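Have a look at data.txt; it's compact mmCIF, C-alpha atoms:
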```txt
# COMPACT_ATOMS: atom_id res chain seq x y z
CA MET A 1 41.17 68.93 -7.49
CA ARG A 2 41.07 65.17 -6.98
CA VAL A 3 40.64 62.10 -9.15
CA ASP A 4 38.05 59.68 -7.82
CA PRO A 5 38.39 55.87 -7.98
CA ARG A 6 36.79 55.81 -11.42
CA GLY A 7 39.34 58.21 -12.85
CA ARG A 8 37.02 61.22 -13.03
CA TRP A 9 38.24 64.71 -12.34
CA VAL A 10 36.31 66.32 -9.48
CA ARG A 11 36.83 69.87 -8.33
CA SER A 12 35.27 72.31 -5.92
CA ALA A 13 33.80 75.63 -6.99
CA SER A 14 36.58 77.49 -5.18
CA GLY A 15 39.26 75.71 -7.18
CA ARG A 16 37.99 76.33 -10.70
CA ARG A 17 40.62 78.82 -11.77
CA ALA A 18 43.53 76.77 -10.45
CA VAL A 19 42.16 73.61 -11.97
CA GLY A 20 41.83 75.27 -15.36
CA VAL A 21 45.57 76.01 -15.30
CA VAL A 22 46.41 72.48 -14.17
CA CYS A 23 44.23 71.04 -16.94
CA ALA A 24 46.13 72.99 -19.54
CA LEU A 25 49.41 71.55 -18.23
CA VAL A 26 48.45 68.04 -17.21
CA MET A 27 45.57 66.92 -19.41
CA ALA A 28 46.14 63.26 -18.68
CA VAL A 29 44.58 63.53 -15.22
CA CYS A 30 41.80 65.96 -16.14
CA GLY A 31 39.15 63.46 -17.07
CA ALA A 32 35.89 64.88 -15.78
CA LEU A 33 34.21 64.40 -19.12
CA THR A 34 36.11 61.40 -20.44
CA ALA A 35 35.32 58.53 -18.12
CA THR A 36 33.17 56.66 -20.61
CA PRO A 37 33.70 53.44 -22.57
CA ALA A 38 33.46 55.45 -25.79
CA ALA A 39 36.69 57.22 -24.84
CA HIS A 40 38.72 54.22 -26.00
CA ALA A 41 37.55 54.75 -29.59
CA ALA A 42 38.93 58.29 -29.49
CA GLN A 43 42.39 57.63 -28.03
CA ALA A 44 44.18 58.54 -31.23
CA ALA A 45 42.30 61.83 -31.58
CA ARG A 46 42.89 62.77 -27.96
CA ALA A 47 46.56 61.88 -28.16
CA SER A 48 46.93 64.07 -31.22
CA ALA A 49 45.27 67.03 -29.52
CA GLN A 50 47.35 66.55 -26.36
CA ALA A 51 50.53 66.37 -28.39
CA ALA A 52 49.57 69.56 -30.21
CA GLN A 53 48.98 71.36 -26.93
CA ALA A 54 52.19 70.04 -25.41
CA ALA A 55 54.15 71.18 -28.47
CA GLY A 56 52.52 74.59 -28.39
CA GLN A 57 50.72 74.00 -31.67
CA SER A 58 47.60 75.95 -32.51
CA THR A 59 44.10 74.80 -31.68
CA HIS A 60 40.66 75.97 -32.75
CA THR A 61 37.00 75.40 -31.98
CA VAL A 62 35.17 72.58 -33.78
CA VAL A 63 31.51 71.58 -33.61
CA THR A 64 31.06 68.14 -32.03
CA TRP A 65 27.25 67.95 -32.16
CA GLY A 66 24.48 69.91 -33.82
CA ALA A 67 20.74 69.80 -34.49
CA SER A 68 18.83 72.19 -36.73
CA ALA A 69 16.70 74.82 -35.05
CA GLU A 70 12.97 74.67 -35.76
CA LYS A 71 9.90 76.52 -34.53
CA GLN A 72 8.16 74.58 -31.75
CA GLY A 73 5.02 75.15 -29.71
CA ALA A 74 4.77 77.29 -26.61
CA GLY A 75 6.86 76.05 -23.71
CA PRO A 76 5.80 76.30 -20.06
CA ALA A 77 7.77 78.59 -17.74
CA ASP A 78 9.62 77.36 -14.66
CA ARG A 79 10.69 74.08 -16.21
CA SER A 80 13.92 72.10 -16.46
CA TYR A 81 15.09 70.25 -19.56
CA ARG A 82 17.59 67.36 -19.61
CA LEU A 83 18.91 66.99 -23.15
CA LEU A 84 20.98 63.97 -24.23
CA VAL A 85 23.39 64.22 -27.17
CA ARG A 86 26.19 62.05 -28.58
CA THR A 87 29.45 63.87 -29.28
CA SER A 88 31.63 63.24 -32.33
CA VAL A 89 35.11 64.79 -32.07
CA GLY A 90 36.69 64.98 -28.62
CA GLY A 91 38.45 68.00 -27.17
CA THR A 92 38.66 70.48 -24.33
CA ASP A 93 36.75 73.58 -23.25
CA LEU A 94 33.21 72.47 -24.02
CA ARG A 95 30.80 75.21 -25.13
CA ILE A 96 27.08 74.98 -25.84
CA ARG A 97 25.00 77.17 -28.14
CA LEU A 98 21.48 78.06 -27.07
CA SER A 99 19.06 79.35 -29.69
CA ASN A 100 15.97 81.52 -29.46
CA ALA A 101 15.86 81.83 -33.26
CA PHE A 102 12.10 81.27 -33.51
CA GLY A 103 10.98 82.82 -30.25
CA ASP A 104 9.04 86.09 -30.18
CA HIS A 105 9.92 86.82 -26.53
CA PRO A 106 13.20 86.76 -24.59
CA VAL A 107 13.88 83.51 -22.77
CA THR A 108 15.93 83.21 -19.58
CA PHE A 109 18.16 80.24 -18.83
CA ALA A 110 18.43 80.57 -15.07
CA SER A 111 21.00 77.78 -14.88
CA ALA A 112 22.76 75.37 -17.21
CA TYR A 113 24.84 72.27 -16.49
CA ALA A 114 26.82 69.74 -18.51
CA GLY A 115 27.52 66.18 -17.39
CA LEU A 116 27.76 62.60 -18.54
CA ARG A 117 24.88 60.15 -18.70
CA LYS A 118 24.93 56.95 -16.67
CA GLN A 119 21.50 55.62 -17.71
CA GLY A 120 18.14 57.17 -18.51
CA ALA A 121 18.07 60.61 -16.94
CA GLU A 122 20.69 59.67 -14.36
CA LEU A 123 24.17 61.19 -14.62
CA VAL A 124 27.58 59.82 -13.74
CA ARG A 125 28.21 60.88 -10.18
CA GLY A 126 30.43 63.96 -9.95
CA SER A 127 30.23 64.79 -13.66
CA ASN A 128 27.51 67.48 -13.65
CA ARG A 129 29.16 70.90 -13.77
CA PRO A 130 27.71 74.42 -14.07
CA LEU A 131 28.06 76.39 -17.28
CA THR A 132 28.41 80.17 -17.32
CA PHE A 133 27.67 82.93 -19.80
CA GLY A 134 29.98 85.90 -19.66
CA GLY A 135 30.88 84.74 -16.17
CA ALA A 136 27.25 84.66 -15.00
CA ALA A 137 25.26 81.58 -14.05
CA SER A 138 22.20 82.74 -16.02
CA VAL A 139 21.55 84.42 -19.34
CA THR A 140 18.58 85.97 -21.12
CA VAL A 141 18.49 85.46 -24.89
CA PRO A 142 16.47 87.98 -26.92
CA ALA A 143 14.01 86.81 -29.56
CA GLY A 144 15.79 85.72 -32.72
CA GLU A 145 19.21 85.49 -31.07
CA THR A 146 21.66 82.80 -29.93
CA VAL A 147 24.21 82.68 -27.15
CA LEU A 148 27.40 80.71 -26.50
CA SER A 149 28.41 79.51 -23.05
CA ASP A 150 31.85 80.18 -21.65
CA PRO A 151 34.37 77.37 -22.20
CA LEU A 152 34.12 74.65 -19.55
CA PRO A 153 37.63 73.49 -18.54
CA GLY A 154 38.35 69.79 -18.91
CA ARG A 155 38.30 67.21 -21.66
CA LEU A 156 35.24 65.78 -23.40
CA ALA A 157 35.79 62.45 -25.13
CA ALA A 158 34.68 61.54 -28.61
CA GLY A 159 31.52 59.44 -28.58
CA SER A 160 30.39 60.65 -25.16
CA ASP A 161 26.79 60.67 -23.99
CA LEU A 162 26.74 64.31 -23.00
CA VAL A 163 23.83 65.64 -20.95
CA VAL A 164 22.95 69.34 -20.98
CA SER A 165 20.46 70.35 -18.29
CA LEU A 166 18.69 73.71 -18.52
CA TYR A 167 16.40 75.50 -16.09
CA VAL A 168 14.22 77.82 -18.17
CA THR A 169 12.06 80.68 -16.93
CA GLY A 170 9.92 83.21 -18.73
CA ALA A 171 9.39 81.05 -21.82
CA LEU A 172 6.44 82.70 -23.59
CA GLY A 173 5.14 82.02 -27.08
CA PRO A 174 6.83 79.72 -29.58
CA THR A 175 10.04 78.01 -28.58
CA THR A 176 13.08 76.94 -30.57
CA GLY A 177 14.09 73.29 -30.71
CA HIS A 178 14.44 70.23 -32.88
CA GLY A 179 11.27 68.22 -33.18
CA MET A 180 12.49 64.73 -34.10
CA ALA A 181 15.43 63.93 -31.86
CA MET A 182 15.22 60.11 -32.15
CA GLN A 183 16.45 60.36 -28.57
CA THR A 184 14.55 60.29 -25.29
CA ASN A 185 15.09 63.50 -23.35
CA TYR A 186 13.49 64.55 -20.09
CA ALA A 187 11.71 67.47 -18.47
CA ALA A 188 10.81 68.36 -14.90
CA VAL A 189 8.77 71.04 -13.14
CA GLY A 190 10.98 73.49 -11.25
CA ASP A 191 14.75 73.80 -11.04
CA HIS A 192 16.51 70.42 -11.13
CA ALA A 193 19.35 71.16 -13.55
CA ALA A 194 22.08 70.64 -10.94
CA GLU A 195 20.78 67.24 -9.84
CA GLU A 196 22.54 64.08 -10.98
CA GLY A 197 19.78 61.68 -9.98
CA GLU A 198 16.77 60.87 -12.16
CA ALA A 199 14.00 60.91 -9.54
CA ASN A 200 12.53 64.27 -10.56
CA TRP A 201 12.90 63.80 -14.32
CA THR A 202 9.53 62.16 -14.84
CA ASP A 203 8.48 63.67 -18.18
CA PRO A 204 10.14 61.94 -21.18
CA MET A 205 10.06 63.82 -24.48
CA GLY A 206 11.22 63.13 -28.04
CA SER A 207 12.56 66.58 -28.92
CA TRP A 208 15.52 68.80 -28.08
CA TYR A 209 14.79 72.35 -26.93
CA TRP A 210 16.97 75.46 -27.29
CA LEU A 211 20.24 73.55 -27.51
CA ASP A 212 21.38 73.53 -31.15
CA ALA A 213 25.17 73.01 -31.03
CA VAL A 214 28.04 71.81 -28.86
CA SER A 215 31.68 72.57 -29.66
CA VAL A 216 35.12 71.77 -28.27
CA GLU A 217 38.67 73.03 -28.66
CA THR A 218 40.98 70.70 -30.57
CA SER A 219 43.92 70.68 -32.96
CA ALA A 220 43.76 73.30 -35.71
CA LYS A 221 44.33 70.46 -38.18
CA THR A 222 41.01 68.87 -37.20
CA GLY A 223 37.79 69.80 -38.99
CA ALA A 224 34.13 68.86 -39.10
CA VAL A 225 31.51 67.85 -41.65
CA VAL A 226 27.94 69.12 -41.53
CA THR A 227 25.28 66.85 -43.03
CA LEU A 228 22.53 69.03 -44.50
CA GLY A 229 19.41 67.06 -45.25
CA ASP A 230 15.86 65.95 -44.53
CA SER A 231 14.22 63.11 -42.55
CA ILE A 232 16.62 60.45 -43.81
CA THR A 233 19.53 62.43 -42.37
CA ASP A 234 17.44 63.27 -39.30
CA GLY A 235 17.19 59.52 -38.68
CA TRP A 236 13.54 58.66 -39.24
CA ALA A 237 13.06 54.84 -39.17
CA SER A 238 16.35 54.31 -37.34
CA SER A 239 16.27 52.95 -33.78
CA THR A 240 15.42 55.53 -31.11
CA ASP A 241 18.06 56.04 -28.41
CA GLN A 242 20.63 53.98 -30.34
CA ASN A 243 22.38 56.70 -32.40
CA ARG A 244 21.93 54.81 -35.64
CA ARG A 245 21.27 57.69 -38.02
CA TRP A 246 23.63 57.54 -40.98
CA PRO A 247 25.63 60.56 -39.71
CA ASP A 248 26.14 58.65 -36.43
CA TYR A 249 27.63 55.70 -38.32
CA LEU A 250 29.74 58.14 -40.30
CA SER A 251 31.01 59.69 -37.08
CA ARG A 252 32.09 56.32 -35.75
CA ARG A 253 33.99 55.65 -38.97
CA LEU A 254 35.71 59.02 -38.77
CA GLN A 255 36.78 58.57 -35.14
CA ALA A 256 38.35 55.22 -36.03
CA ALA A 257 40.07 56.48 -39.20
CA SER A 258 43.68 57.36 -38.40
CA GLY A 259 44.22 59.15 -41.70
CA SER A 260 41.25 61.51 -41.59
CA THR A 261 41.51 65.07 -40.31
CA VAL A 262 37.70 65.38 -40.36
CA LYS A 263 36.43 64.24 -36.97
CA GLY A 264 33.48 66.45 -36.06
CA VAL A 265 29.98 65.66 -37.34
CA ALA A 266 26.97 67.95 -37.01
CA ASN A 267 23.63 66.50 -38.13
CA GLU A 268 21.55 69.31 -39.62
CA GLY A 269 18.72 67.22 -41.03
CA ILE A 270 15.07 68.23 -40.60
CA SER A 271 12.21 65.84 -41.28
CA GLY A 272 10.20 67.03 -44.29
CA ASN A 273 12.74 69.70 -45.21
CA LYS A 274 13.10 71.00 -48.77
CA VAL A 275 15.90 72.64 -50.71
CA LEU A 276 13.77 75.38 -52.23
CA ALA A 277 10.72 76.08 -50.05
CA ASP A 278 10.04 76.65 -46.37
CA GLY A 279 7.63 74.30 -44.65
CA ALA A 280 9.06 71.67 -42.33
CA GLY A 281 11.66 74.08 -41.08
CA GLU A 282 13.19 76.79 -43.22
CA SER A 283 14.47 75.60 -46.59
CA ALA A 284 18.04 74.42 -46.97
CA LEU A 285 18.78 77.67 -48.79
CA ASN A 286 17.35 79.81 -46.01
CA ARG A 287 18.93 77.97 -43.09
CA LEU A 288 22.35 77.37 -44.63
CA GLU A 289 24.05 80.20 -42.76
CA ARG A 290 22.58 79.51 -39.31
CA ASP A 291 22.64 75.72 -39.31
CA VAL A 292 25.78 75.09 -41.34
CA LEU A 293 28.17 77.93 -42.13
CA SER A 294 28.01 79.44 -38.64
CA GLN A 295 29.23 76.22 -37.03
CA PRO A 296 32.88 76.42 -35.94
CA GLY A 297 35.62 74.37 -37.54
CA VAL A 298 33.53 73.14 -40.48
CA SER A 299 35.65 72.07 -43.43
CA THR A 300 33.01 70.18 -45.45
CA VAL A 301 29.27 70.34 -46.13
CA PHE A 302 27.54 67.10 -47.14
CA LEU A 303 24.38 67.98 -49.10
CA PHE A 304 21.77 65.21 -49.31
CA GLU A 305 18.36 66.69 -49.94
CA GLY A 306 15.72 67.02 -52.65
CA ILE A 307 13.24 64.17 -52.29
CA ASN A 308 10.67 66.37 -50.51
CA ASP A 309 10.84 68.98 -53.27
CA ILE A 310 10.29 66.23 -55.83
CA LYS A 311 7.45 64.27 -54.23
CA ALA A 312 5.45 67.32 -53.14
CA HIS A 313 3.94 67.74 -56.64
CA THR A 314 4.47 71.50 -56.64
CA GLY A 315 5.84 71.57 -60.16
CA VAL A 316 9.51 71.62 -59.17
CA THR A 317 11.65 70.74 -62.18
CA VAL A 318 15.13 69.34 -62.63
CA ASP A 319 16.37 72.83 -63.50
CA ASP A 320 14.75 74.28 -60.37
CA LEU A 321 16.57 71.87 -58.09
CA ILE A 322 19.85 72.27 -59.95
CA ALA A 323 19.58 76.04 -59.47
CA GLY A 324 19.05 75.50 -55.74
CA TYR A 325 21.99 73.13 -55.49
CA ARG A 326 24.21 75.60 -57.35
CA GLN A 327 23.32 78.37 -54.92
CA ILE A 328 24.28 76.18 -51.96
CA ILE A 329 27.50 75.06 -53.65
CA ASP A 330 28.48 78.64 -54.48
CA ARG A 331 27.83 79.87 -50.94
CA VAL A 332 29.73 76.96 -49.38
CA HIS A 333 32.69 77.51 -51.71
CA ALA A 334 32.62 81.24 -51.01
CA ALA A 335 33.00 80.36 -47.33
CA GLY A 336 36.12 78.34 -48.21
CA LYS A 337 34.59 74.93 -47.53
CA CYS A 338 34.25 71.71 -49.52
CA VAL A 339 30.84 70.44 -50.57
CA VAL A 340 29.97 66.80 -51.21
CA GLY A 341 26.71 65.95 -52.96
CA ALA A 342 24.65 62.78 -52.64
CA THR A 343 22.18 61.35 -55.12
CA VAL A 344 18.48 61.23 -54.22
CA MET A 345 17.37 57.77 -53.10
CA PRO A 346 14.49 55.74 -54.65
CA PHE A 347 10.94 56.08 -53.33
CA LYS A 348 8.68 53.82 -55.39
CA GLY A 349 5.98 52.43 -53.10
CA TRP A 350 5.76 55.67 -51.11
CA SER A 351 2.26 57.18 -51.33
CA GLU A 352 3.42 60.25 -53.30
CA TYR A 353 5.41 58.33 -55.88
CA ASP A 354 4.54 58.83 -59.54
CA ALA A 355 6.30 58.64 -62.90
CA GLU A 356 6.62 62.42 -63.17
CA GLY A 357 8.42 62.71 -59.85
CA GLU A 358 10.62 59.74 -60.72
CA ALA A 359 11.67 61.47 -63.94
CA VAL A 360 12.74 64.53 -61.96
CA ARG A 361 14.71 62.35 -59.53
CA GLN A 362 16.51 60.62 -62.38
CA GLY A 363 17.35 63.94 -64.02
CA VAL A 364 18.62 65.43 -60.77
CA ASN A 365 20.75 62.38 -60.05
CA ASP A 366 22.26 62.48 -63.53
CA TRP A 367 23.33 66.07 -62.90
CA ILE A 368 24.71 65.30 -59.43
CA ARG A 369 26.80 62.42 -60.80
CA ASN A 370 28.09 64.07 -63.94
CA SER A 371 28.08 67.87 -63.65
CA GLY A 372 31.32 68.18 -61.70
CA ALA A 373 29.70 70.94 -59.62
CA PHE A 374 30.38 69.15 -56.33
CA ASP A 375 33.86 68.52 -54.98
CA ALA A 376 32.85 64.88 -54.58
CA VAL A 377 29.74 62.73 -54.94
CA THR A 378 28.37 59.84 -52.86
CA ASP A 379 25.90 57.73 -54.80
CA PHE A 380 23.30 56.85 -52.16
CA ASP A 381 20.83 55.93 -54.92
CA ARG A 382 23.11 53.23 -56.30
CA ILE A 383 23.93 51.89 -52.83
CA THR A 384 20.35 51.60 -51.55
CA ARG A 385 18.28 50.68 -54.63
CA SER A 386 16.96 47.22 -55.42
CA SER A 387 18.84 45.39 -58.16
CA TYR A 388 15.49 44.15 -59.49
CA ASP A 389 13.79 47.56 -59.58
CA HIS A 390 16.03 50.64 -59.47
CA GLN A 391 13.09 52.81 -58.52
CA ARG A 392 12.63 50.95 -55.21
CA ILE A 393 14.75 50.87 -52.08
CA LEU A 394 16.32 47.46 -51.45
CA PRO A 395 13.91 45.57 -49.15
CA PHE A 396 16.77 44.68 -46.79
CA PHE A 397 17.32 48.42 -46.23
CA ASP A 398 13.65 49.47 -46.22
CA GLY A 399 12.43 50.92 -42.93
CA GLY A 400 8.89 49.91 -43.89
CA ASP A 401 7.56 52.89 -45.85
CA HIS A 402 9.65 52.45 -49.03
CA LEU A 403 11.39 55.80 -48.49
CA HIS A 404 13.31 55.79 -45.21
CA PRO A 405 16.10 53.27 -44.62
CA ASN A 406 16.31 51.15 -41.48
CA ASP A 407 19.43 50.77 -39.33
CA LYS A 408 21.10 48.51 -41.90
CA GLY A 409 20.37 50.99 -44.64
CA MET A 410 21.71 53.85 -42.53
CA GLN A 411 24.94 51.96 -41.94
CA ALA A 412 25.27 51.13 -45.64
CA MET A 413 24.91 54.81 -46.49
CA ALA A 414 27.64 55.81 -44.05
CA ASP A 415 29.89 53.02 -45.29
CA ALA A 416 29.48 54.30 -48.86
CA VAL A 417 31.05 57.68 -48.02
CA ASP A 418 34.64 57.97 -49.21
CA LEU A 419 36.28 59.51 -46.13
CA SER A 420 39.07 61.00 -48.19
CA ALA A 421 36.43 62.89 -50.21
CA LEU A 422 35.46 64.86 -47.09
CA SER A 423 38.64 66.89 -47.52
CA CYS A 424 39.54 69.04 -50.50
CA ALA A 425 42.05 71.76 -51.28
CA ARG A 426 40.25 75.03 -50.53
```
Show me this structure written as structure tokens.
Amino acid sequence: MRVDPRGRWVRSASGRRAVGVVCALVMAVCGALTATPAAHAAQAARASAQAAQAAGQSTHTVVTWGASAEKQGAGPADRSYRLLVRTSVGGTDLRIRLSNAFGDHPVTFASAYAGLRKQGAELVRGSNRPLTFGGAASVTVPAGETVLSDPLPGRLAAGSDLVVSLYVTGALGPTTGHGMAMQTNYAAVGDHAAEEGEANWTDPMGSWYWLDAVSVETSAKTGAVVTLGDSITDGWASSTDQNRRWPDYLSRRLQAASGSTVKGVANEGISGNKVLADGAGESALNRLERDVLSQPGVSTVFLFEGINDIKAHTGVTVDDLIAGYRQIIDRVHAAGKCVVGATVMPFKGWSEYDAEGEAVRQGVNDWIRNSGAFDAVTDFDRITRSSYDHQRILPFFDGGDHLHPNDKGMQAMADAVDLSALSCAR
């Protein structure tokens, strides 16, 4: 093991086992995945985790990034994918989760690497490291299944631009991914996963494929929040490649908040998603277990969904949506987790707006605010609506279609969340 002039931990393949022991004892010098400017924002969280390890306190696994799995089109075989994600909570022993949930054939990941982004598809020199699965460099995932990588020794900072590179073979039929990443990712023909340069990554793409979660080991006192929602949570109308979805702003607030034990954020929004019916992805009810409750270290679920049920003109009533919300609340509580609800935002001016749908939205929001069914409520409607017309989004927050907020609106939403409400006694 050696530390290069930039403070990064670099190790040879032959020294992995010894380095893993050294990392457990001397975490201060094991910085292979922390040499980023964002690391400064996470100093308090890292110090807490280091102190816990030094004192022999317990740790557990917490999700640091997530994206809901969706059915995608057929993917070509013999192709590499370079997937860029922004972490939330920092920790050690990075693991990735690969999903073949919607595939109808096995898919083989011939190699997988994790590193840090420098710019574009280029990685920080010396940061790209191989991942293993049960000790093997490759893994085949059956149709409908997921797989976790082995823990990767070393520390991953909060707010890191993590890059997961996959070389995929035998990909037949539909693939599993997340269609609207709001992040430029890259693909290449052949096996280039181990490369740190960007020369061969000539095919930009706007989706994530197969990767649906990243987790780290951190203090057992640290938890995560999963944001379950639709296109607003997914980030539509926010700036691509800037991590300005409202859950991103929330993550930055949580990392900076010294009094919060909730540090992880997993964004499980799907554009067009509904609470009650499948369509743009499986419904919130049907994907709750896979996308939310199966994520490690989750203490709170933030439910913000319903506008697509309302504006679809399928006859969904206030009582229908309340019944769906109650099912989600009951299942989350049964899993021992808190659930925060958010009111449905205004949509007057959107092409599907009408008085009937508005009446349902008002009725649903009245129940969310006053029923007491949620452990806490964030009133996104009140925060984002125009003071002159409560049925319209405030023009300053309007992303242009009268439904989706822009970057300013996304930030205002995150700022409206009471961080203390993300924890409850369960």
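The space between CA of Phe380 in chain A and CA of Val417 in chain A spans 8.8 Å.
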Atom pair CA of Met410 in chain A / CA of Gly91 in chain A: separation (Å): 26.8 Å
Would you please work out which residue, of A:Ser127, A:Thr175, A:Ser215, A:Asn308, is nearest to Ser149 in chain A when using all atoms listed in the file? A:Ser215
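We find CA of Glu268 in chain A and CA of Val298 in chain A to be spaced 12.6 Å apart.
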Near-Thr227 in chain A list (12 Å; only C-alpha atoms; drop same-chain fewer than 3 positions) as a PyMOL selection string: chain A and resi 65-68+224+230-235+245-248+250-251+264-270+284+288+291-293+295+298-305+339-342+414+417+422
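Nearest to Val63 in chain A of all the residues A:Cys424, A:Leu94, A:Val164, A:Ala323 is A:Leu94, counting all atoms listed in the file.
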Gly177 in chain A: which residues within 7 Å, counting only C-alpha atoms, same-chain residues fewer than 4 positions away excluded, as a PyMOL selection string? chain A and resi 69-72+208-211
Of A:Thr61, A:Asn243, A:Thr378, A:Gln391, the one nearest to Ser160 in chain A when counting only C-alpha atoms is A:Asn243
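Point (17.8, 74.7, -9.4) has the following residues at most 10 Å away: Arg79, Ser80, Ala110, Ser111, Ala112, Leu166, Tyr167, Val168, Gly190, Asp191, His192, Ala193, Ala194 and Glu195 of chain A (atoms considered: only C-alpha atoms).
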Mind checking which residues fall within 10 Å of Lys348 in chain A, counting only C-alpha atoms, ignoring those fewer than 3 positions away in the same chain, and posting them as a VMD selection string? chain A and resid 345 351 to 355 357 to 358 389 to 393 401 to 403
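Close to (17.8, 59.3, -65.4), meaning no more than 12 Å away when counting all atoms listed in the file, sit the residues A:Val318, A:Thr343, A:Val344, A:Pro346, A:Ala355, A:Glu356, A:Gly357, A:Glu358, A:Ala359, A:Val360, A:Arg361, A:Gln362, A:Gly363, A:Val364, A:Asn365, A:Asp366, A:Trp367, A:Ile368, A:Arg369, A:Asn370, A:Asp381, A:His390, A:Gln391.
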Counting all atoms listed in the file, what is within 10 Å of Leu276 in chain A, bar same-chain residues fewer than 4 positions away, as an mmCIF file with C-alpha atoms, in the coordinates of the input?
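Wrote it out as part38.cif, contents follow:
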```cif
data_model
loop_
_atom_site.group_PDB
_atom_site.id
_atom_site.type_symbol
_atom_site.label_atom_id
_atom_site.label_comp_id
_atom_site.auth_asym_id
_atom_site.auth_seq_id
_atom_site.Cartn_x
_atom_site.Cartn_y
_atom_site.Cartn_z
ATOM 1 C CA GLU A 282 13.190 76.790 -43.220
ATOM 2 C CA SER A 283 14.470 75.600 -46.590
ATOM 3 C CA ALA A 284 18.040 74.420 -46.970
ATOM 4 C CA LEU A 285 18.780 77.670 -48.790
ATOM 5 C CA ASN A 286 17.350 79.810 -46.010
ATOM 6 C CA GLY A 306 15.720 67.020 -52.650
ATOM 7 C CA ASN A 308 10.670 66.370 -50.510
ATOM 8 C CA ASP A 309 10.840 68.980 -53.270
ATOM 9 C CA VAL A 316 9.510 71.620 -59.170
ATOM 10 C CA ASP A 320 14.750 74.280 -60.370
ATOM 11 C CA LEU A 321 16.570 71.870 -58.090
ATOM 12 C CA ALA A 323 19.580 76.040 -59.470
ATOM 13 C CA GLY A 324 19.050 75.500 -55.740
ATOM 14 C CA TYR A 325 21.990 73.130 -55.490
#
```
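Nearest residue to Thr261 in chain A among A:Ser423, A:Thr146, A:Ser99, A:Ser238 is A:Ser423, counting only C-alpha atoms.
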Point out the residue among A:Gly73, A:Pro151, A:Gly336, A:Gly297 with the least atom-to-atom distance to Thr59 in chain A, counting all atoms listed in the file. A:Gly297
What lies within 9 Å of Leu148 in chain A using all atoms listed in the file, ignoring chain neighbours under 5 positions off, as a VMD selection string? chain A and resid 95 to 98 133 to 134
Output file for the residues above (C-alpha atoms, as a compact mmCIF listing (two decimals), in the frame of the given file):
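Writing done, so here's result_7.txt:
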```
# COMPACT_ATOMS: atom_id res chain seq x y z
CA ARG A 95 30.80 75.21 -25.13
CA ILE A 96 27.08 74.98 -25.84
CA ARG A 97 25.00 77.17 -28.14
CA LEU A 98 21.48 78.06 -27.07
CA PHE A 133 27.67 82.93 -19.80
CA GLY A 134 29.98 85.90 -19.66
```
Considering all atoms listed in the file, can you say which of A:Met205, A:Ala137, A:Ala187, A:Leu116 comes closest to Arg155 in chain A? A:Leu116
Because some atoms of range 407-415 of chain A are absent here, can you restore N, CA, C and O atoms and send them as a PDB file, keeping the file's coordinate frame?
```
ATOM      1  N   ASP A 407      18.072  50.677 -39.868  1.00  0.00           N
ATOM      2  CA  ASP A 407      19.430  50.770 -39.330  1.00  0.00           C
ATOM      3  C   ASP A 407      20.472  50.223 -40.306  1.00  0.00           C
ATOM      4  O   ASP A 407      21.556  50.804 -40.478  1.00  0.00           O
ATOM      5  N   LYS A 408      20.155  49.105 -40.947  1.00  0.00           N
ATOM      6  CA  LYS A 408      21.100  48.510 -41.900  1.00  0.00           C
ATOM      7  C   LYS A 408      21.326  49.442 -43.089  1.00  0.00           C
ATOM      8  O   LYS A 408      22.450  49.590 -43.583  1.00  0.00           O
ATOM      9  N   GLY A 409      20.247  50.042 -43.550  1.00  0.00           N
ATOM     10  CA  GLY A 409      20.370  50.990 -44.640  1.00  0.00           C
ATOM     11  C   GLY A 409      21.177  52.209 -44.246  1.00  0.00           C
ATOM     12  O   GLY A 409      22.002  52.718 -45.029  1.00  0.00           O
ATOM     13  N   MET A 410      20.947  52.705 -43.023  1.00  0.00           N
ATOM     14  CA  MET A 410      21.710  53.850 -42.530  1.00  0.00           C
ATOM     15  C   MET A 410      23.204  53.533 -42.491  1.00  0.00           C
ATOM     16  O   MET A 410      24.047  54.350 -42.894  1.00  0.00           O
ATOM     17  N   GLN A 411      23.532  52.349 -42.013  1.00  0.00           N
ATOM     18  CA  GLN A 411      24.940  51.960 -41.940  1.00  0.00           C
ATOM     19  C   GLN A 411      25.534  51.838 -43.337  1.00  0.00           C
ATOM     20  O   GLN A 411      26.680  52.251 -43.574  1.00  0.00           O
ATOM     21  N   ALA A 412      24.774  51.270 -44.266  1.00  0.00           N
ATOM     22  CA  ALA A 412      25.270  51.130 -45.640  1.00  0.00           C
ATOM     23  C   ALA A 412      25.535  52.494 -46.262  1.00  0.00           C
ATOM     24  O   ALA A 412      26.516  52.672 -47.011  1.00  0.00           O
ATOM     25  N   MET A 413      24.699  53.458 -45.980  1.00  0.00           N
ATOM     26  CA  MET A 413      24.910  54.810 -46.490  1.00  0.00           C
ATOM     27  C   MET A 413      26.214  55.395 -45.960  1.00  0.00           C
ATOM     28  O   MET A 413      27.034  55.932 -46.713  1.00  0.00           O
ATOM     29  N   ALA A 414      26.415  55.277 -44.649  1.00  0.00           N
ATOM     30  CA  ALA A 414      27.640  55.810 -44.050  1.00  0.00           C
ATOM     31  C   ALA A 414      28.874  55.100 -44.584  1.00  0.00           C
ATOM     32  O   ALA A 414      29.915  55.722 -44.837  1.00  0.00           O
ATOM     33  N   ASP A 415      28.752  53.793 -44.776  1.00  0.00           N
ATOM     34  CA  ASP A 415      29.890  53.020 -45.290  1.00  0.00           C
ATOM     35  C   ASP A 415      30.225  53.389 -46.726  1.00  0.00           C
ATOM     36  O   ASP A 415      31.355  53.161 -47.186  1.00  0.00           O
TER      37      ASP A 415
END
```
